[in-house]
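Enquirer: Hey, dropping data_5.txt in here, compact mmCIF, C-alpha atoms and all ligand atoms:
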# COMPACT_ATOMS: atom_id res chain seq x y z
CA MET A 26 -25.26 -9.55 -14.66
CA THR A 27 -22.61 -11.46 -12.75
CA GLU A 28 -19.31 -11.57 -14.60
CA THR A 29 -17.52 -14.87 -15.00
CA ILE A 30 -14.15 -15.93 -16.40
CA SER A 31 -13.96 -19.33 -18.04
CA ILE A 32 -11.00 -21.54 -17.22
CA SER A 33 -10.36 -24.58 -19.38
CA ALA A 34 -8.29 -27.71 -18.81
CA ASN A 35 -5.47 -26.17 -20.86
CA ASP A 36 -5.25 -22.92 -18.93
CA ARG A 37 -2.39 -22.02 -16.63
CA VAL A 38 -3.31 -19.22 -14.26
CA PHE A 39 -0.92 -16.64 -12.83
CA VAL A 40 -2.43 -14.45 -10.09
CA LEU A 41 -0.95 -11.17 -8.87
CA THR A 42 -2.46 -9.63 -5.74
CA GLY A 43 -1.91 -6.26 -4.07
CA ALA A 44 -2.98 -4.47 -0.93
CA GLY A 45 -6.59 -4.25 -2.17
CA ILE A 46 -7.25 -7.95 -1.63
CA SER A 47 -6.60 -7.51 2.10
CA ALA A 48 -8.65 -4.29 2.42
CA GLU A 49 -11.82 -6.23 3.30
CA SER A 50 -9.83 -8.00 6.04
CA GLY A 51 -9.32 -4.60 7.65
CA LEU A 52 -5.72 -3.99 6.49
CA PRO A 53 -5.62 -0.53 4.93
CA THR A 54 -3.93 0.02 1.58
CA PHE A 55 -1.28 2.72 1.65
CA ARG A 56 -3.43 4.82 -0.64
CA ALA A 57 -6.39 4.58 1.71
CA SER A 58 -4.26 6.08 4.47
CA ASP A 59 -3.08 8.92 2.18
CA GLY A 60 0.35 7.32 2.00
CA LEU A 61 1.11 8.71 5.46
CA TRP A 62 2.02 7.06 8.74
CA ALA A 63 2.53 9.08 11.94
CA GLY A 64 3.16 12.15 9.78
CA HIS A 65 5.81 10.41 7.66
CA ALA A 66 5.45 9.62 3.97
CA ILE A 67 5.46 5.83 3.64
CA GLU A 68 8.34 6.19 1.17
CA ASP A 69 10.37 7.81 3.96
CA VAL A 70 9.87 4.87 6.32
CA CYS A 71 10.17 1.88 4.01
CA THR A 72 13.56 2.63 2.42
CA PRO A 73 17.17 1.49 2.89
CA GLU A 74 18.04 5.11 3.79
CA ALA A 75 15.42 5.18 6.58
CA TRP A 76 16.78 1.87 7.87
CA GLN A 77 20.30 3.34 8.03
CA ARG A 78 19.15 6.64 9.53
CA ASN A 79 16.46 5.54 11.94
CA PRO A 80 16.04 1.77 12.44
CA ALA A 81 13.85 2.40 15.51
CA LEU A 82 11.28 4.17 13.33
CA VAL A 83 11.35 1.37 10.74
CA TRP A 84 10.85 -1.30 13.41
CA GLU A 85 8.07 0.73 15.05
CA PHE A 86 6.25 0.87 11.71
CA TYR A 87 6.61 -2.86 10.99
CA SER A 88 5.81 -3.84 14.57
CA GLN A 89 2.50 -2.00 14.19
CA ARG A 90 1.91 -3.79 10.88
CA ARG A 91 2.62 -7.13 12.63
CA ALA A 92 0.14 -6.37 15.40
CA GLN A 93 -2.49 -5.37 12.85
CA GLY A 94 -1.77 -8.40 10.65
CA ALA A 95 -2.12 -10.83 13.53
CA GLU A 96 -5.66 -9.59 14.17
CA ALA A 97 -6.80 -9.74 10.54
CA GLN A 98 -8.56 -12.77 9.08
CA PRO A 99 -8.61 -13.95 5.45
CA ASN A 100 -11.69 -12.79 3.51
CA PRO A 101 -13.72 -14.55 0.77
CA ALA A 102 -11.27 -13.34 -1.91
CA HIS A 103 -8.34 -15.14 -0.25
CA TYR A 104 -10.46 -18.29 0.13
CA ALA A 105 -11.62 -18.13 -3.52
CA LEU A 106 -7.98 -18.16 -4.71
CA ALA A 107 -7.07 -21.04 -2.38
CA ASP A 108 -10.07 -22.94 -3.77
CA LEU A 109 -8.98 -22.22 -7.35
CA GLU A 110 -5.51 -23.54 -6.52
CA ARG A 111 -7.02 -26.78 -5.18
CA ARG A 112 -8.84 -27.21 -8.51
CA LEU A 113 -5.90 -26.31 -10.78
CA GLY A 114 -2.98 -27.80 -8.83
CA GLU A 115 0.33 -26.98 -10.45
CA ARG A 116 -1.44 -25.01 -13.23
CA PHE A 117 -1.94 -22.27 -10.63
CA PHE A 118 0.62 -19.79 -9.31
CA LEU A 119 0.12 -16.87 -6.95
CA CYS A 120 2.44 -13.90 -6.62
CA THR A 121 1.51 -11.42 -3.93
CA GLN A 122 2.86 -7.95 -3.30
CA ASN A 123 1.39 -8.19 0.17
CA VAL A 124 3.51 -8.78 3.22
CA ASP A 125 0.62 -10.13 5.31
CA ASP A 126 0.10 -13.91 5.52
CA LEU A 127 -3.62 -14.02 4.71
CA HIS A 128 -3.08 -16.06 1.54
CA GLU A 129 -1.30 -18.88 3.35
CA ARG A 130 -3.76 -18.71 6.23
CA SER A 131 -6.60 -19.29 3.75
CA GLY A 132 -4.83 -22.33 2.27
CA SER A 133 -2.72 -21.07 -0.66
CA VAL A 134 0.52 -23.02 -1.13
CA ARG A 135 1.98 -22.24 -4.56
CA LEU A 136 2.75 -18.61 -3.75
CA VAL A 137 5.63 -16.17 -3.50
CA HIS A 138 5.80 -12.91 -1.56
CA MET A 139 7.70 -10.65 -3.95
CA HIS A 140 7.84 -7.80 -1.40
CA GLY A 141 8.74 -9.93 1.61
CA GLU A 142 6.85 -11.15 4.67
CA LEU A 143 5.84 -9.36 7.85
CA ALA A 144 6.18 -12.54 9.89
CA LYS A 145 9.91 -12.89 9.15
CA SER A 146 13.14 -11.02 9.96
CA ARG A 147 16.57 -11.27 8.39
CA CYS A 148 20.13 -10.04 8.80
CA GLY A 149 20.40 -6.25 8.42
CA ASP A 150 23.79 -6.72 6.74
CA GLU A 151 22.58 -9.35 4.22
CA CYS A 152 25.36 -11.72 5.33
CA GLY A 153 23.64 -14.66 3.67
CA GLU A 154 21.84 -16.16 6.67
CA PRO A 155 18.27 -17.06 5.59
CA PRO A 156 15.24 -15.15 6.98
CA VAL A 157 13.76 -16.49 10.21
CA GLU A 158 10.17 -16.57 11.38
CA ASP A 159 9.57 -13.63 13.74
CA ARG A 160 6.15 -12.28 14.68
CA THR A 161 7.39 -10.21 17.62
CA VAL A 162 5.83 -6.80 18.10
CA TYR A 163 8.87 -4.89 19.35
CA LYS A 164 8.34 -2.14 21.93
CA SER A 165 11.83 -0.70 21.46
CA LEU A 166 14.88 -1.12 19.24
CA GLY A 167 16.78 -2.65 22.17
CA GLU A 168 14.52 -5.73 22.01
CA VAL A 169 15.44 -6.48 18.38
CA GLY A 170 17.78 -9.45 18.08
CA ARG A 171 21.10 -9.81 16.29
CA CYS A 172 22.12 -12.12 13.46
CA SER A 173 24.90 -14.66 14.17
CA CYS A 174 27.22 -12.23 12.29
CA GLY A 175 26.43 -9.52 14.86
CA ALA A 176 24.30 -7.24 12.66
CA ARG A 177 20.90 -6.03 13.84
CA MET A 178 17.97 -7.98 12.38
CA ARG A 179 15.72 -6.08 9.97
CA PRO A 180 12.18 -6.81 8.78
CA HIS A 181 12.10 -9.29 5.88
CA ILE A 182 10.54 -6.62 3.69
CA VAL A 183 11.59 -5.29 0.29
CA PHE A 184 12.00 -1.58 0.90
CA PHE A 185 11.25 0.97 -1.82
CA GLY A 186 14.25 0.98 -4.16
CA GLU A 187 15.24 -2.64 -3.42
CA ILE A 188 14.90 -5.50 -5.89
CA PRO A 189 11.84 -7.72 -5.37
CA LEU A 190 12.30 -11.35 -4.38
CA GLU A 191 11.92 -14.48 -6.54
CA MET A 192 11.90 -12.59 -9.85
CA GLY A 193 13.35 -15.56 -11.80
CA ARG A 194 10.57 -17.87 -10.70
CA ILE A 195 7.94 -15.17 -11.29
CA GLU A 196 9.12 -14.55 -14.87
CA ALA A 197 9.14 -18.28 -15.60
CA GLU A 198 5.58 -18.64 -14.31
CA ILE A 199 4.34 -15.62 -16.30
CA ASP A 200 5.91 -17.12 -19.45
CA LYS A 201 3.81 -20.28 -18.98
CA ALA A 202 0.54 -18.54 -18.09
CA THR A 203 -2.43 -18.43 -20.47
CA LEU A 204 -4.51 -16.37 -18.03
CA MET A 205 -3.27 -13.62 -15.72
CA LEU A 206 -5.57 -12.42 -12.96
CA VAL A 207 -4.57 -9.22 -11.14
CA VAL A 208 -6.44 -8.23 -7.97
CA GLY A 209 -6.38 -5.05 -5.90
CA THR A 210 -3.25 -3.28 -7.04
CA SER A 211 -3.11 0.23 -8.43
CA GLY A 212 -0.56 -0.52 -11.15
CA SER A 213 1.85 2.08 -9.78
CA VAL A 214 4.52 -0.12 -8.15
CA TYR A 215 7.11 -1.60 -10.53
CA PRO A 216 8.05 -4.20 -11.67
CA ALA A 217 4.68 -5.71 -10.63
CA ALA A 218 2.84 -3.19 -12.80
CA SER A 219 4.71 -4.60 -15.85
CA PHE A 220 3.60 -8.21 -15.36
CA VAL A 221 0.43 -7.69 -17.36
CA HIS A 222 2.50 -6.45 -20.33
CA TRP A 223 4.80 -9.48 -20.10
CA ALA A 224 1.75 -11.78 -20.13
CA ARG A 225 0.21 -9.99 -23.11
CA GLN A 226 3.42 -10.41 -25.11
CA HIS A 227 2.67 -14.11 -25.49
CA GLY A 228 -1.06 -13.71 -25.90
CA ALA A 229 -2.37 -14.48 -22.39
CA ARG A 230 -5.81 -13.25 -21.36
CA THR A 231 -5.44 -10.62 -18.65
CA VAL A 232 -8.13 -9.82 -16.10
CA TYR A 233 -8.18 -7.10 -13.43
CA VAL A 234 -10.47 -7.14 -10.37
CA GLY A 235 -10.85 -4.10 -8.11
CA PRO A 236 -13.22 -1.24 -7.29
CA GLU A 237 -11.50 1.20 -9.64
CA LYS A 238 -9.51 0.94 -12.83
CA PRO A 239 -5.74 0.54 -12.26
CA LEU A 240 -3.26 2.92 -13.92
CA ASN A 241 -2.34 0.18 -16.41
CA ALA A 242 -5.99 -0.67 -17.19
CA SER A 243 -5.51 -0.46 -20.97
CA ALA A 244 -3.21 -3.51 -20.84
CA PHE A 245 -6.02 -5.76 -19.58
CA THR A 246 -8.30 -7.72 -21.88
CA HIS A 247 -10.99 -7.57 -19.18
CA VAL A 248 -11.58 -5.30 -16.15
CA VAL A 249 -14.13 -6.39 -13.53
CA GLU A 250 -14.99 -3.45 -11.29
CA GLY A 251 -15.92 -4.51 -7.77
CA LYS A 252 -14.54 -5.50 -4.39
CA ALA A 253 -12.35 -8.61 -4.46
CA GLY A 254 -14.31 -10.34 -1.68
CA GLU A 255 -17.56 -9.90 -3.59
CA VAL A 256 -16.29 -10.64 -7.12
CA LEU A 257 -13.79 -13.50 -6.76
CA PRO A 258 -15.97 -16.19 -5.12
CA GLY A 259 -18.25 -16.36 -8.19
CA LEU A 260 -15.77 -15.36 -10.90
CA PHE A 261 -14.35 -18.65 -12.15
CA GLN A 262 -16.30 -20.97 -14.40
CA GLY A 263 -15.37 -24.06 -16.34
CA THR A 264 -14.04 -27.53 -15.96
CA CYS A 265 -10.59 -26.41 -14.76
P1 LIG B 1 -1.69 -0.74 -4.29
O1 LIG B 1 -0.84 0.08 -5.17
O2 LIG B 1 -1.66 -2.20 -4.44
O3 LIG B 1 -3.22 -0.07 -4.34
C1 LIG B 1 -4.32 -0.60 -3.66
C2 LIG B 1 -5.38 -0.97 -4.70
O4 LIG B 1 -6.38 -1.74 -4.07
C3 LIG B 1 -6.08 0.25 -5.32
O5 LIG B 1 -5.98 0.15 -6.71
C4 LIG B 1 -7.53 0.09 -4.87
O6 LIG B 1 -8.47 0.45 -5.88
C5 LIG B 1 -7.63 -1.40 -4.61
N1 LIG B 1 -8.66 -1.82 -3.66
C6 LIG B 1 -9.13 -1.17 -2.58
N2 LIG B 1 -10.10 -1.91 -1.97
C7 LIG B 1 -10.23 -3.06 -2.70
C8 LIG B 1 -11.04 -4.22 -2.59
N3 LIG B 1 -11.96 -4.36 -1.60
N4 LIG B 1 -10.91 -5.20 -3.52
C9 LIG B 1 -10.01 -5.08 -4.53
N5 LIG B 1 -9.20 -3.99 -4.67
C10 LIG B 1 -9.31 -3.01 -3.77
O7 LIG B 1 -1.36 -0.67 -2.86
P2 LIG B 1 -0.76 0.45 -1.98
O8 LIG B 1 -1.67 0.42 -0.84
O9 LIG B 1 -0.52 1.70 -2.75
O10 LIG B 1 0.62 -0.25 -1.58
C11 LIG B 1 1.84 -0.25 -2.29
C12 LIG B 1 2.69 -1.45 -1.81
O11 LIG B 1 2.56 -1.72 -0.42
C13 LIG B 1 2.28 -2.74 -2.48
O12 LIG B 1 3.39 -3.57 -2.55
C14 LIG B 1 1.30 -3.29 -1.48
O13 LIG B 1 0.97 -4.62 -1.67
C15 LIG B 1 2.02 -2.99 -0.16
N6 LIG B 1 1.05 -3.04 0.96
C16 LIG B 1 0.74 -4.27 1.49
C17 LIG B 1 -0.22 -4.39 2.47
C18 LIG B 1 -0.53 -5.77 2.99
O14 LIG B 1 0.35 -6.63 3.03
N7 LIG B 1 -1.77 -6.05 3.40
C19 LIG B 1 -0.91 -3.25 2.94
C20 LIG B 1 -0.55 -1.99 2.40
C21 LIG B 1 0.43 -1.92 1.39
ZN ZN B 2 24.16 -11.63 9.39
Please rewrite the model in this file as structure tokens.
Expert:
Amino acid sequence: MTETISISANDRVFVLTGAGISAESGLPTFRASDGLWAGHAIEDVCTPEAWQRNPALVWEFYSQRRAQGAEAQPNPAHYALADLERRLGERFFLCTQNVDDLHERSGSVRLVHMHGELAKSRCGDECGEPPVEDRTVYKSLGEVGRCSCGARMRPHIVFFGEIPLEMGRIEAEIDKATLMLVVGTSGSVYPAASFVHWARQHGARTVYVGPEKPLNASAFTHVVEGKAGEVLPGLFQGTC
């Protein structure tokens, strides 16, 4: 039987997505690659310490991610969420942990990237200059530009151990939500893994979609096991 989630005219929907939603677009989750890259633990590449110690390695990693991201295309799961947003308007909000831009390329507008964006760079010294669009695939550290303050630019990515972006807006949107939909995230990266608990505190329905149960599965009122690209297009029912 095909599972469906009913959405009524009074519902406000908060969606959290993770690496799993982009898996069917050919972008591997960290778990799928054993958490390793070129022999390094991902946690040793995506940290403030790695940036201080070896910025060339960090830029090499994110340049590869940029090249891979540019080739990927949105899949039916991204399009299903963009379609839901068109139906719900401002009663819809999307928070992604992903740094790829597949949500915006499929038409999503009301979204935040809590872990940053691959297609942007910002000052490595956090001098206050805003991030700038930058899709360059750097071949060497020497090619990387400088901020107006003189510091080397860094990827606009929240490294492990740094505070996620837009948390105030995210909390406000979770407070208003009557339905939280979480897609393709293992429930192991905080604070995102706590969002479902925050939503439950005020009685929201909470739905997880992914091929396996997340670590925080018991916090969901409903778990739909399946691939995002196969489940999401037929999941939502109701007048909206
Ligand atoms: P994660 O913790 O979000 O785990 C990936 C989850 O995706 C797993 O639970 C897995 O069961 C699920 N999954 C796999 N295929 C799926 C599918 N077809 N449909 C739905 N779910 C599916 O991610 P991680 O890989 O451990 O990464 C940790 C952090 O790195 C997160 O912030 C993540 O978003 C980020 N990351 C982002 C990208 C990207 O931007 N595309 C890629 C890798 C990692
Ligand atoms: Zn600067």
Enquirer: Find the residues near ligand LIG 1 (chain B). Use a cut-off of 9 Å, count all atoms listed in the file, and write them as a PyMOL selection string.
Expert: chain A and resi 42-58+60+90+94+102+121-127+139-140+142-143+183+185+208-214+217+234-240+250-256
Enquirer: Take CA of Met205 (chain A) and CA of Thr231 (chain A) and report the distance between them in Å, one decimal.
Expert: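 Computing it gives 4.7 Å between the two atoms.
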Enquirer: Could you give me, as an MDAnalysis selection string, the residues within 8 Å of Val70 (chain A), counting all atoms listed in the file and dropping anything in the same chain fewer than 3 positions from it?
Expert: chainID A and resid 65:67 75:76 82:83 86
Enquirer: List as a PyMOL selection string the protein and nucleic acid residues lying within 7 Å of ligand ZN 2 (chain B), with all atoms listed in the file counted.
Expert: chain A and resi 148-154+172-176
Enquirer: Using all atoms listed in the file, which of A:Glu96, A:Glu110, A:Glu115, A:Glu191 sits nearest Gly132 (chain A)?
Expert: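 Comparing A:Glu96, A:Glu110, A:Glu115, A:Glu191 against Gly132 (chain A), the winner is A:Glu110.
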Enquirer: Quick one: everything within 10 Å of Thr246 (chain A), counting only C-alpha atoms, minus sequence neighbours fewer than 5 positions away in the same chain. Send it as a ChimeraX atom specification.
Expert: /A:205,221,225,229-233
Enquirer: May I ask for the distance between CA of Ile182 (chain A) and CA of Arg194 (chain A), given in Å to one decimal place?
Expert: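 Calculated distance between CA of Ile182 (chain A) and CA of Arg194 (chain A) is 18.3 Å.
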Enquirer: Tell me which of A:Tyr215, A:Leu257, A:Gln262, A:Ser146 sits closest to Tyr104 (chain A), counting all atoms listed in the file.
Expert: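 Checking each candidate against Tyr104 (chain A), we get A:Leu257 as the closest.
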Enquirer: Which one is closest to Pro155 (chain A): A:Gly167, A:His227, A:Met178, A:Thr29? Count all atoms listed in the file.
Expert: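 Distance minimum relative to Pro155 (chain A) lands on A:Met178.
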Enquirer: So how far away is CA of Ala92 (chain A) from CA of Tyr163 (chain A), in Å?
Expert: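 Value for the CA of Tyr163 (chain A)-CA of Ala92 (chain A) distance: 9.7 Å.
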Enquirer: Looking at A:Pro73, A:Val38, A:Arg130, A:Ser88, which one is nearest to Leu166 (chain A), with distances taken over only C-alpha atoms?
Expert: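 Of A:Pro73, A:Val38, A:Arg130, A:Ser88, the one nearest Leu166 (chain A), counting only C-alpha atoms, is A:Ser88.
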Enquirer: When distances are computed from all atoms listed in the file, which of A:Ala224, A:Val207, A:Cys120, A:Ile30 shows the smallest separation from Leu190 (chain A)?
Expert: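 Nearest to Leu190 (chain A): A:Cys120.
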Enquirer: Take every atom of region 238-252 of chain A listed in the file, fit an axis-aligned box around them, add 5 Å per side, and give the centre and edge lengths in Å to one decimal as AutoDock Vina command-line options.
Expert:
--center_x -9.1 --center_y -2.4 --center_z -13.1 --size_x 23.6 --size_y 20.6 --size_z 27.5
Enquirer: Around (0.0, -14.8, -7.9), as given in the file, which residues come within 6 Å? Count only C-alpha atoms and list them as an MDAnalysis selection string.
Expert: chainID A and resid 39:41 118:121
Enquirer: Show me the residues close to (-1.3, -23.1, -4.6) - anything with an atom within 7 Å, counting only C-alpha atoms - and format the list as a PDB file with C-alpha atoms, keeping the file's coordinate frame.
Expert:
ATOM      1  CA  ALA A 107      -7.070 -21.040  -2.380  1.00  0.00           C
ATOM      2  CA  GLU A 110      -5.510 -23.540  -6.520  1.00  0.00           C
ATOM      3  CA  ARG A 111      -7.020 -26.780  -5.180  1.00  0.00           C
ATOM      4  CA  GLY A 114      -2.980 -27.800  -8.830  1.00  0.00           C
ATOM      5  CA  PHE A 117      -1.940 -22.270 -10.630  1.00  0.00           C
ATOM      6  CA  PHE A 118       0.620 -19.790  -9.310  1.00  0.00           C
ATOM      7  CA  LEU A 119       0.120 -16.870  -6.950  1.00  0.00           C
ATOM      8  CA  SER A 133      -2.720 -21.070  -0.660  1.00  0.00           C
ATOM      9  CA  VAL A 134       0.520 -23.020  -1.130  1.00  0.00           C
ATOM     10  CA  ARG A 135       1.980 -22.240  -4.560  1.00  0.00           C
ATOM     11  CA  LEU A 136       2.750 -18.610  -3.750  1.00  0.00           C
TER      12      LEU A 136
END
